[in-house]
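S.K.: So here's work11.pdb, just PDB, C-alpha atoms and all ligand atoms:
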```
ATOM      1  CA  MET J 158      96.990 126.091 101.035
ATOM      2  CA  GLN J 159      97.537 122.403 101.836
ATOM      3  CA  ARG J 160      94.334 121.595 103.717
ATOM      4  CA  PHE J 161      94.098 118.017 102.406
ATOM      5  CA  THR J 162      97.559 116.637 103.080
ATOM      6  CA  GLY J 163      97.085 112.946 103.888
ATOM      7  CA  ARG J 164      93.290 113.168 103.538
ATOM      8  CA  ARG J 165      91.530 110.531 101.453
ATOM      9  CA  VAL J 166      88.848 111.722  99.066
ATOM     10  CA  LEU J 167      86.490 109.885  96.681
ATOM     11  CA  ILE J 168      84.911 112.065  93.981
ATOM     12  CA  THR J 169      82.254 110.908  91.507
ATOM     13  CA  GLY J 170      81.727 112.723  88.226
ATOM     14  CA  GLY J 171      85.496 113.260  88.255
ATOM     15  CA  GLY J 172      85.746 112.993  84.479
ATOM     16  CA  SER J 173      84.255 116.390  83.644
ATOM     17  CA  GLY J 174      83.170 119.821  84.788
ATOM     18  CA  ILE J 175      82.828 120.496  88.504
ATOM     19  CA  GLY J 176      83.839 116.976  89.586
ATOM     20  CA  ARG J 177      87.065 117.207  87.573
ATOM     21  CA  ALA J 178      87.820 120.708  88.890
ATOM     22  CA  THR J 179      87.302 119.383  92.432
ATOM     23  CA  VAL J 180      89.699 116.486  91.803
ATOM     24  CA  HIS J 181      92.415 118.948  90.784
ATOM     25  CA  ARG J 182      91.682 121.364  93.622
ATOM     26  CA  ILE J 183      91.968 118.619  96.266
ATOM     27  CA  LEU J 184      95.124 117.222  94.634
ATOM     28  CA  ALA J 185      96.643 120.705  94.551
ATOM     29  CA  GLU J 186      95.956 120.967  98.283
ATOM     30  CA  GLY J 187      97.796 117.716  99.011
ATOM     31  CA  GLY J 188      94.940 115.185  99.074
ATOM     32  CA  LEU J 189      94.825 111.565  97.926
ATOM     33  CA  VAL J 190      92.009 111.195  95.410
ATOM     34  CA  VAL J 191      90.032 108.441  93.723
ATOM     35  CA  ALA J 192      88.100 109.940  90.804
ATOM     36  CA  ALA J 193      85.150 107.844  89.600
ATOM     37  CA  ASP J 194      83.085 108.378  86.476
ATOM     38  CA  VAL J 195      81.053 106.363  83.983
ATOM     39  CA  ASN J 196      83.011 108.037  81.186
ATOM     40  CA  ALA J 197      86.481 106.472  80.770
ATOM     41  CA  GLU J 198      87.553 109.108  78.243
ATOM     42  CA  GLY J 199      86.708 111.874  80.681
ATOM     43  CA  LEU J 200      88.757 110.195  83.388
ATOM     44  CA  ALA J 201      91.701 109.900  80.995
ATOM     45  CA  GLY J 202      91.518 113.672  80.498
ATOM     46  CA  THR J 203      91.475 114.194  84.258
ATOM     47  CA  ALA J 204      94.543 111.937  84.653
ATOM     48  CA  GLU J 205      96.335 113.797  81.850
ATOM     49  CA  GLN J 206      95.805 117.105  83.643
ATOM     50  CA  ALA J 207      97.109 115.615  86.907
ATOM     51  CA  ASP J 208     100.200 114.478  85.006
ATOM     52  CA  ALA J 209     100.733 118.010  83.724
ATOM     53  CA  GLU J 210     100.241 119.452  87.215
ATOM     54  CA  GLY J 211     102.609 116.950  88.875
ATOM     55  CA  THR J 212      99.908 115.432  91.105
ATOM     56  CA  ALA J 213      99.283 112.142  89.253
ATOM     57  CA  GLU J 214     100.945 109.975  91.897
ATOM     58  CA  ARG J 215      98.147 110.862  94.333
ATOM     59  CA  LEU J 216      95.312 110.200  91.835
ATOM     60  CA  THR J 217      93.568 106.904  91.014
ATOM     61  CA  THR J 218      90.775 106.796  88.441
ATOM     62  CA  THR J 219      88.018 104.222  88.233
ATOM     63  CA  VAL J 220      85.194 103.687  85.768
ATOM     64  CA  LEU J 221      81.990 103.417  87.777
ATOM     65  CA  ASP J 222      78.261 103.852  87.149
ATOM     66  CA  VAL J 223      76.855 105.353  90.355
ATOM     67  CA  SER J 224      73.397 103.974  89.581
ATOM     68  CA  ASP J 225      74.572 100.344  89.467
ATOM     69  CA  GLU J 226      74.324  98.886  92.978
ATOM     70  CA  ASP J 227      76.839  96.057  92.482
ATOM     71  CA  ALA J 228      79.337  98.340  90.759
ATOM     72  CA  VAL J 229      79.036 100.918  93.537
ATOM     73  CA  ARG J 230      79.534  98.286  96.228
ATOM     74  CA  ALA J 231      82.688  96.974  94.535
ATOM     75  CA  GLY J 232      83.942 100.422  93.463
ATOM     76  CA  VAL J 233      83.652 102.034  96.895
ATOM     77  CA  ALA J 234      85.277  99.024  98.579
ATOM     78  CA  ALA J 235      88.183  99.186  96.108
ATOM     79  CA  ALA J 236      88.540 102.953  96.580
ATOM     80  CA  VAL J 237      88.584 102.650 100.375
ATOM     81  CA  GLN J 238      91.199  99.938 100.124
ATOM     82  CA  ALA J 239      93.360 101.915  97.675
ATOM     83  CA  LEU J 240      93.188 105.025  99.873
ATOM     84  CA  GLY J 241      93.566 103.163 103.169
ATOM     85  CA  GLY J 242      90.275 104.616 104.479
ATOM     86  CA  LEU J 243      88.021 107.515 103.522
ATOM     87  CA  ASP J 244      87.708 111.054 104.883
ATOM     88  CA  VAL J 245      85.561 112.752 102.235
ATOM     89  CA  LEU J 246      82.977 111.674  99.648
ATOM     90  CA  VAL J 247      82.000 114.165  96.938
ATOM     91  CA  ASN J 248      78.951 113.030  94.934
ATOM     92  CA  ALA J 249      79.286 115.206  91.825
ATOM     93  CA  ALA J 250      78.095 112.665  89.215
ATOM     94  CA  GLY J 251      74.845 113.758  87.637
ATOM     95  CA  ILE J 252      72.899 114.207  84.448
ATOM     96  CA  LEU J 253      70.592 116.929  83.175
ATOM     97  CA  ARG J 254      67.782 116.334  80.710
ATOM     98  CA  SER J 255      65.155 118.934  79.840
ATOM     99  CA  SER J 256      61.645 118.589  78.451
ATOM    100  CA  HIS J 257      58.133 119.925  78.754
ATOM    101  CA  THR J 258      56.674 118.153  81.777
ATOM    102  CA  HIS J 259      53.546 117.058  79.859
ATOM    103  CA  GLU J 260      55.854 115.333  77.368
ATOM    104  CA  THR J 261      58.170 113.710  79.923
ATOM    105  CA  SER J 262      58.195 109.911  79.647
ATOM    106  CA  LEU J 263      58.441 107.633  82.664
ATOM    107  CA  GLU J 264      61.724 106.317  81.261
ATOM    108  CA  PHE J 265      63.180 109.842  81.210
ATOM    109  CA  TRP J 266      61.925 110.521  84.761
ATOM    110  CA  ASN J 267      63.325 107.222  86.067
ATOM    111  CA  LEU J 268      66.700 107.787  84.413
ATOM    112  CA  LEU J 269      67.162 111.135  86.166
ATOM    113  CA  LEU J 270      66.082 109.710  89.508
ATOM    114  CA  ARG J 271      68.312 106.680  89.129
ATOM    115  CA  VAL J 272      71.513 108.547  88.304
ATOM    116  CA  ASN J 273      71.113 111.688  90.420
ATOM    117  CA  LEU J 274      69.161 110.627  93.506
ATOM    118  CA  THR J 275      69.666 106.848  93.707
ATOM    119  CA  GLY J 276      73.319 107.251  92.685
ATOM    120  CA  THR J 277      73.890 109.696  95.539
ATOM    121  CA  PHE J 278      72.156 107.323  97.960
ATOM    122  CA  LEU J 279      74.109 104.230  96.835
ATOM    123  CA  MET J 280      77.489 105.951  96.963
ATOM    124  CA  THR J 281      76.752 107.426 100.386
ATOM    125  CA  ARG J 282      75.435 104.183 101.829
ATOM    126  CA  GLU J 283      78.498 102.238 100.744
ATOM    127  CA  ALA J 284      80.937 104.939 101.891
ATOM    128  CA  LEU J 285      79.342 105.599 105.292
ATOM    129  CA  PRO J 286      81.080 102.838 107.301
ATOM    130  CA  ALA J 287      84.532 104.084 106.236
ATOM    131  CA  LEU J 288      83.568 107.749 106.736
ATOM    132  CA  LEU J 289      82.165 107.054 110.211
ATOM    133  CA  ALA J 290      85.297 105.124 111.172
ATOM    134  CA  THR J 291      87.292 108.377 110.961
ATOM    135  CA  GLY J 292      85.055 110.220 113.440
ATOM    136  CA  SER J 293      85.092 113.293 111.181
ATOM    137  CA  GLY J 294      83.847 112.121 107.771
ATOM    138  CA  VAL J 295      82.373 114.569 105.248
ATOM    139  CA  VAL J 296      79.815 114.038 102.477
ATOM    140  CA  VAL J 297      79.411 116.799  99.892
ATOM    141  CA  ASN J 298      76.328 116.285  97.749
ATOM    142  CA  PHE J 299      75.176 118.137  94.660
ATOM    143  CA  SER J 300      71.902 119.937  94.786
ATOM    144  CA  SER J 301      71.172 122.782  92.359
ATOM    145  CA  THR J 302      69.459 126.140  92.430
ATOM    146  CA  SER J 303      66.669 124.283  90.604
ATOM    147  CA  ALA J 304      65.823 122.505  93.892
ATOM    148  CA  SER J 305      64.556 125.760  95.417
ATOM    149  CA  PHE J 306      63.853 128.112  92.484
ATOM    150  CA  ALA J 307      61.801 127.567  89.329
ATOM    151  CA  HIS J 308      63.727 126.255  86.319
ATOM    152  CA  PRO J 309      61.465 125.751  83.308
ATOM    153  CA  TYR J 310      61.648 122.403  81.467
ATOM    154  CA  MET J 311      63.704 120.872  84.287
ATOM    155  CA  ALA J 312      60.992 119.618  86.652
ATOM    156  CA  ALA J 313      62.326 116.050  86.761
ATOM    157  CA  TYR J 314      65.913 117.216  87.279
ATOM    158  CA  ALA J 315      64.781 119.688  89.954
ATOM    159  CA  ALA J 316      62.893 116.925  91.767
ATOM    160  CA  THR J 317      66.066 114.818  91.954
ATOM    161  CA  LYS J 318      68.002 117.758  93.368
ATOM    162  CA  GLY J 319      65.304 118.527  95.940
ATOM    163  CA  GLY J 320      65.491 114.872  96.976
ATOM    164  CA  ILE J 321      69.258 115.108  97.353
ATOM    165  CA  GLN J 322      68.848 118.143  99.634
ATOM    166  CA  SER J 323      66.365 116.289 101.852
ATOM    167  CA  PHE J 324      68.546 113.187 101.924
ATOM    168  CA  THR J 325      71.559 115.282 102.927
ATOM    169  CA  HIS J 326      69.742 116.986 105.811
ATOM    170  CA  ALA J 327      68.563 113.609 107.103
ATOM    171  CA  ILE J 328      72.004 111.989 107.155
ATOM    172  CA  ALA J 329      73.612 115.118 108.621
ATOM    173  CA  GLN J 330      71.304 114.763 111.627
ATOM    174  CA  GLU J 331      71.379 110.962 111.808
ATOM    175  CA  TYR J 332      75.182 110.715 112.016
ATOM    176  CA  SER J 333      76.068 114.030 113.678
ATOM    177  CA  LYS J 334      76.991 112.371 116.984
ATOM    178  CA  GLN J 335      79.547 110.273 115.073
ATOM    179  CA  GLY J 336      81.210 113.414 113.749
ATOM    180  CA  LEU J 337      79.895 113.147 110.197
ATOM    181  CA  ARG J 338      79.142 116.358 108.326
ATOM    182  CA  ALA J 339      76.892 116.323 105.251
ATOM    183  CA  VAL J 340      76.401 119.402 103.100
ATOM    184  CA  CYS J 341      75.067 120.278  99.672
ATOM    185  CA  VAL J 342      76.441 122.669  97.168
ATOM    186  CA  ALA J 343      73.725 124.210  95.006
ATOM    187  CA  PRO J 344      75.394 125.552  91.865
ATOM    188  CA  GLY J 345      73.747 127.496  89.068
ATOM    189  CA  SER J 346      75.077 128.831  85.774
ATOM    190  CA  ILE J 347      78.409 127.010  85.888
ATOM    191  CA  ASP J 348      80.159 126.325  82.603
ATOM    192  CA  SER J 349      80.345 122.516  82.198
ATOM    193  CA  GLY J 350      79.499 119.613  79.920
ATOM    194  CA  MET J 351      76.000 119.727  81.357
ATOM    195  CA  THR J 352      75.178 123.388  80.798
ATOM    196  CA  ASN J 353      76.814 123.408  77.366
ATOM    197  CA  ASN J 354      74.252 120.842  76.271
ATOM    198  CA  PRO J 355      71.063 121.227  78.349
ATOM    199  CA  GLY J 356      68.867 119.664  75.632
ATOM    200  CA  LEU J 357      66.150 122.308  75.857
ATOM    201  CA  PRO J 358      62.898 121.818  73.929
ATOM    202  CA  ALA J 359      63.001 123.381  70.441
ATOM    203  CA  ASP J 360      60.193 125.772  71.384
ATOM    204  CA  ALA J 361      61.701 126.780  74.767
ATOM    205  CA  ASP J 362      60.651 130.232  75.990
ATOM    206  CA  PHE J 363      63.920 132.142  76.311
ATOM    207  CA  GLY J 364      62.134 134.882  78.220
ATOM    208  CA  LEU J 365      61.671 132.404  81.075
ATOM    209  CA  LEU J 366      65.213 131.075  80.774
ATOM    210  CA  ALA J 367      66.666 134.607  80.860
ATOM    211  CA  LYS J 368      65.641 134.737  84.538
ATOM    212  CA  LEU J 369      68.424 132.218  85.190
ATOM    213  CA  ALA J 370      71.182 134.688  84.262
ATOM    214  CA  PRO J 371      73.605 135.481  87.089
ATOM    215  CA  ALA J 372      73.641 139.007  88.513
ATOM    216  CA  LEU J 373      77.433 139.004  88.816
ATOM    217  CA  GLY J 374      79.839 139.191  85.893
ATOM    218  CA  GLN J 375      79.218 138.642  82.218
ATOM    219  CA  GLY J 376      77.881 135.086  82.219
ATOM    220  CA  PHE J 377      78.604 131.616  83.504
ATOM    221  CA  ALA J 378      81.438 130.966  85.971
ATOM    222  CA  GLY J 379      84.040 128.217  85.626
ATOM    223  CA  PRO J 380      83.740 124.897  87.506
ATOM    224  CA  GLN J 381      86.752 125.799  89.680
ATOM    225  CA  THR J 382      84.480 128.369  91.387
ATOM    226  CA  VAL J 383      82.450 125.514  92.834
ATOM    227  CA  ALA J 384      85.550 123.385  93.512
ATOM    228  CA  GLY J 385      86.906 126.123  95.786
ATOM    229  CA  VAL J 386      83.723 126.138  97.867
ATOM    230  CA  ILE J 387      83.780 122.333  98.083
ATOM    231  CA  ALA J 388      87.389 122.419  99.294
ATOM    232  CA  MET J 389      86.392 124.880 102.006
ATOM    233  CA  LEU J 390      83.384 122.781 103.069
ATOM    234  CA  ALA J 391      85.302 119.487 103.070
ATOM    235  CA  SER J 392      88.287 120.876 104.990
ATOM    236  CA  GLU J 393      88.634 122.006 108.606
ATOM    237  CA  ASP J 394      87.510 125.460 107.431
ATOM    238  CA  GLY J 395      84.023 123.978 107.115
ATOM    239  CA  ALA J 396      84.132 122.211 110.483
ATOM    240  CA  PHE J 397      80.922 123.847 111.799
ATOM    241  CA  VAL J 398      78.919 123.592 108.558
ATOM    242  CA  THR J 399      76.501 120.686 108.183
ATOM    243  CA  GLY J 400      72.929 119.900 107.169
ATOM    244  CA  THR J 401      72.663 122.875 104.835
ATOM    245  CA  GLU J 402      73.181 124.090 101.253
ATOM    246  CA  ILE J 403      75.612 126.652  99.908
ATOM    247  CA  ARG J 404      74.292 128.361  96.787
ATOM    248  CA  ILE J 405      76.920 129.235  94.158
ATOM    249  CA  ASP J 406      75.074 131.034  91.383
ATOM    250  CA  GLY J 407      76.524 134.529  91.021
ATOM    251  CA  GLY J 408      73.407 135.983  92.623
ATOM    252  CA  THR J 409      70.916 134.613  90.115
ATOM    253  CA  HIS J 410      68.501 134.048  92.967
ATOM    254  CA  MET J 411      68.652 136.652  95.752
TER     255      MET J 411
HETATM  256  N1  LIG P   1      76.846 123.191  85.805
HETATM  257  C1  LIG P   1      75.887 123.731  86.540
HETATM  258  O1  LIG P   1      75.525 124.918  86.370
HETATM  259  C2  LIG P   1      75.230 122.923  87.621
HETATM  260  C3  LIG P   1      74.177 123.507  88.315
HETATM  261  C4  LIG P   1      73.577 122.801  89.332
HETATM  262  C5  LIG P   1      74.027 121.537  89.664
HETATM  263  N2  LIG P   1      75.031 120.980  88.957
HETATM  264  C6  LIG P   1      75.441 119.640  89.350
HETATM  265  O2  LIG P   1      76.846 119.565  89.387
HETATM  266  C7  LIG P   1      77.244 118.203  89.231
HETATM  267  C8  LIG P   1      78.390 118.139  88.230
HETATM  268  O3  LIG P   1      77.872 118.491  86.949
HETATM  269  P1  LIG P   1      78.694 119.350  85.885
HETATM  270  O4  LIG P   1      77.991 120.637  85.725
HETATM  271  O5  LIG P   1      80.119 119.328  86.212
HETATM  272  O6  LIG P   1      78.355 118.492  84.576
HETATM  273  P2  LIG P   1      79.264 117.532  83.674
HETATM  274  O7  LIG P   1      78.305 116.934  82.714
HETATM  275  O8  LIG P   1      80.411 118.304  83.140
HETATM  276  O9  LIG P   1      79.804 116.432  84.695
HETATM  277  C9  LIG P   1      78.996 115.382  85.169
HETATM  278  C10 LIG P   1      79.830 114.118  85.226
HETATM  279  O10 LIG P   1      79.025 113.064  85.801
HETATM  280  C11 LIG P   1      79.315 111.871  85.081
HETATM  281  N3  LIG P   1      78.219 110.919  85.189
HETATM  282  C12 LIG P   1      76.990 110.975  84.598
HETATM  283  N4  LIG P   1      76.281 109.877  84.893
HETATM  284  C13 LIG P   1      77.075 109.106  85.678
HETATM  285  C14 LIG P   1      76.909 107.839  86.279
HETATM  286  N5  LIG P   1      75.760 107.132  86.131
HETATM  287  N6  LIG P   1      77.924 107.324  87.011
HETATM  288  C15 LIG P   1      79.086 108.013  87.164
HETATM  289  N7  LIG P   1      79.309 109.211  86.587
HETATM  290  C16 LIG P   1      78.307 109.754  85.856
HETATM  291  C17 LIG P   1      79.488 112.342  83.644
HETATM  292  O11 LIG P   1      80.164 111.357  82.859
HETATM  293  C18 LIG P   1      80.286 113.617  83.845
HETATM  294  O12 LIG P   1      81.674 113.349  83.840
HETATM  295  C19 LIG P   1      75.991 117.453  88.792
HETATM  296  O13 LIG P   1      75.453 116.740  89.885
HETATM  297  C20 LIG P   1      75.067 118.558  88.380
HETATM  298  O14 LIG P   1      73.698 118.181  88.491
HETATM  299  C21 LIG P   1      75.644 121.634  87.952
END
```
Now, as a test, write the supplied structure out as structure tokens.
Ligand SMILES: NC(=O)c1ccc[n+]([C@@H]2O[C@H](COP(=O)([O-])OP(=O)(O)OC[C@H]3O[C@@H](n4cnc5c(N)ncnc54)[C@H](O)[C@@H]3O)[C@@H](O)[C@H]2O)c1

M.R.:
Amino acid sequence: MQRFTGRRVLITGGGSGIGRATVHRILAEGGLVVAADVNAEGLAGTAEQADAEGTAERLTTTVLDVSDEDAVRAGVAAAVQALGGLDVLVNAAGILRSSHTHETSLEFWNLLLRVNLTGTFLMTREALPALLATGSGVVVNFSSTSASFAHPYMAAYAATKGGIQSFTHAIAQEYSKQGLRAVCVAPGSIDSGMTNNPGLPADADFGLLAKLAPALGQGFAGPQTVAGVIAMLASEDGAFVTGTEIRIDGGTHM
């Protein structure tokens, strides 16, 4: 499939996990990609893989902290210029921290909000003029199954993901007449940097956490599982999908 030939795509969190898998999926389907991440080493790994796959000439990487307003303003402007416009924004950058809620500091809470929710807002705000100029722009945001279903020790993280869902619905409606589509993916149990190191409390109740096991298969799925759904949503195949979430969790929550 070559659904992204000539299409210009900006992907945050492109240095690891689902963001990186999405970079490679869109490149494999012919797209032009700017991959942004706060982690330069991660981006180097993404570029190395593109080299190996023969897609490096259509990839640009940029170190960018999505929670830094000035950096986002400059980074999005540079990406739009490098790509010659923007068709798709994928906001995959995010962090997970876990703790008992009664032990959660304000600093911890603010950090999660700043990176996950404010980062998604800043990137979207700066990208919107270029996306609207195309008449068919797409924003893919990252919610999580934790936005709608209980995840112990992740109340702050879940709150950021619920906020991202609400934000996505609002912009989908606000800009629908200008052809913009905005959708969320809501992954769960995907093998990534994040889930390999969730930072659970030492006394976490694994009986509660066991409820987060997927019904399908033997365990977690790879990040390319989510990348495939994102490619569908961001392409013409998703042309009538907007203002909603697609859950990708192997049936953990049915
Ligand atoms: N893995 C899962 O099961 C799962 C479930 C639900 C939601 N998600 C969401 O999927 C998205 C991708 O996560 P992942 O699982 O691939 O994890 P990951 O840790 O492998 O990737 C996240 C990437 O975001 C980058 N990042 C973090 N803070 C940033 C910042 N301030 N600016 C720019 N980049 C930053 C990291 O450097 C990393 O490369 C996240 O939004 C996450 O919340 C993942």

S.K.: Would you list the residues that come within 8 Å of ligand LIG 1 (chain P)? Count only C-alpha atoms and all ligand atoms and give the answer as a PyMOL selection string.

M.R.: chain J and resi 169-177+193-196+199-200+220-225+248-253+272-273+276+298-303+314+318+342-352+377+380+406

S.K.: Show me, as a PDB file with C-alpha atoms, in the frame of the given file, the residues that have an atom within 9 Å of J:Leu270 when counting all atoms listed in the file, minus same-chain residues fewer than 3 positions from it.

M.R.:
```
ATOM      1  CA  PHE J 265      63.180 109.842  81.210  1.00  0.00           C
ATOM      2  CA  TRP J 266      61.925 110.521  84.761  1.00  0.00           C
ATOM      3  CA  ASN J 267      63.325 107.222  86.067  1.00  0.00           C
ATOM      4  CA  ASN J 273      71.113 111.688  90.420  1.00  0.00           C
ATOM      5  CA  LEU J 274      69.161 110.627  93.506  1.00  0.00           C
ATOM      6  CA  THR J 275      69.666 106.848  93.707  1.00  0.00           C
ATOM      7  CA  GLY J 276      73.319 107.251  92.685  1.00  0.00           C
ATOM      8  CA  ALA J 313      62.326 116.050  86.761  1.00  0.00           C
ATOM      9  CA  TYR J 314      65.913 117.216  87.279  1.00  0.00           C
ATOM     10  CA  ALA J 316      62.893 116.925  91.767  1.00  0.00           C
ATOM     11  CA  THR J 317      66.066 114.818  91.954  1.00  0.00           C
TER      12      THR J 317
END
```

S.K.: Extract, using only C-alpha atoms, all DNA, RNA and protein residues at most 10 Å from stretch 381-394 of chain J, discarding same-chain residues fewer than 6 positions from it, and format them as a PyMOL selection string.

M.R.: chain J and resi 159-161+164+166+174-183+186+244-247+293-298+338-345+347-348+403-406

S.K.: Take every atom of stretch 324-328 of chain J listed in the file, fit an axis-aligned box around them, add 6 Å per side, and give the centre and edge lengths in Å to one decimal as JSON.

M.R.:
```
{"center_x": 70.3, "center_y": 114.5, "center_z": 104.5, "size_x": 15.5, "size_y": 17.0, "size_z": 17.2}
```

S.K.: How far is it from atom CA of J:Arg215 to atom CA of J:Leu189, in Å with one decimal?

M.R.: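 Here the two named atoms are 4.9 Å from each other.
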
S.K.: Can you pull out the residues contacting J:Pro358? Cut-off 8 Å, using only C-alpha atoms, and skip same-chain residues under 5 positions away; I want them as a list in words.

M.R.: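 Neighbouring residues, sequence-local ones excluded: Ser255, Ser256, His257 and Tyr310 of chain J.
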
S.K.: Grab the atom CA of J:Asn354 to atom CA of J:Leu366 distance for me, in Å with one decimal place.

M.R.: 14.4 Å

S.K.: Work out how far apart atom CA of J:Gly364 and atom CA of J:Leu263 are and give it in Å to one decimal.

M.R.: 27.9 Å

S.K.: Once the PyMOL selection byres (((chain J and resi 231) around 12) and not hetatm) has been applied to the shown file, what residues remain in the selection, as JSON, numbers by chain?

M.R.: {"J": [219, 220, 221, 222, 223, 225, 226, 227, 228, 229, 230, 232, 233, 234, 235, 236, 237, 238, 279, 280, 283, 284]}

S.K.: Let me know the residues the PyMOL selection byres (((chain J and resi 371) around 6) and not hetatm) catches in the file above, as a VMD selection string.

M.R.: chain J and resid 370 372 to 373 407 to 409

S.K.: Would you mind telling me which residue in J:Gly376, J:Gly211, J:Gly163, J:Gly336 lies nearest to J:Leu288 when using only C-alpha atoms?

M.R.: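 Of J:Gly376, J:Gly211, J:Gly163, J:Gly336, the one nearest J:Leu288, counting only C-alpha atoms, is J:Gly336.
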
S.K.: Given only C-alpha atoms as the basis, pick out the residue of J:Gly202, J:Glu264, J:Arg165, J:Pro309 nearest to J:Ala361.

M.R.: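 Checking each of J:Gly202, J:Glu264, J:Arg165, J:Pro309 against J:Ala361, counting only C-alpha atoms, the winner is J:Pro309.
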
S.K.: Return the single residue from J:Thr258, J:Thr401, J:Asn353, J:Thr212 that is closest to J:Ala329, with distances computed using all atoms listed in the file.

M.R.: J:Thr401
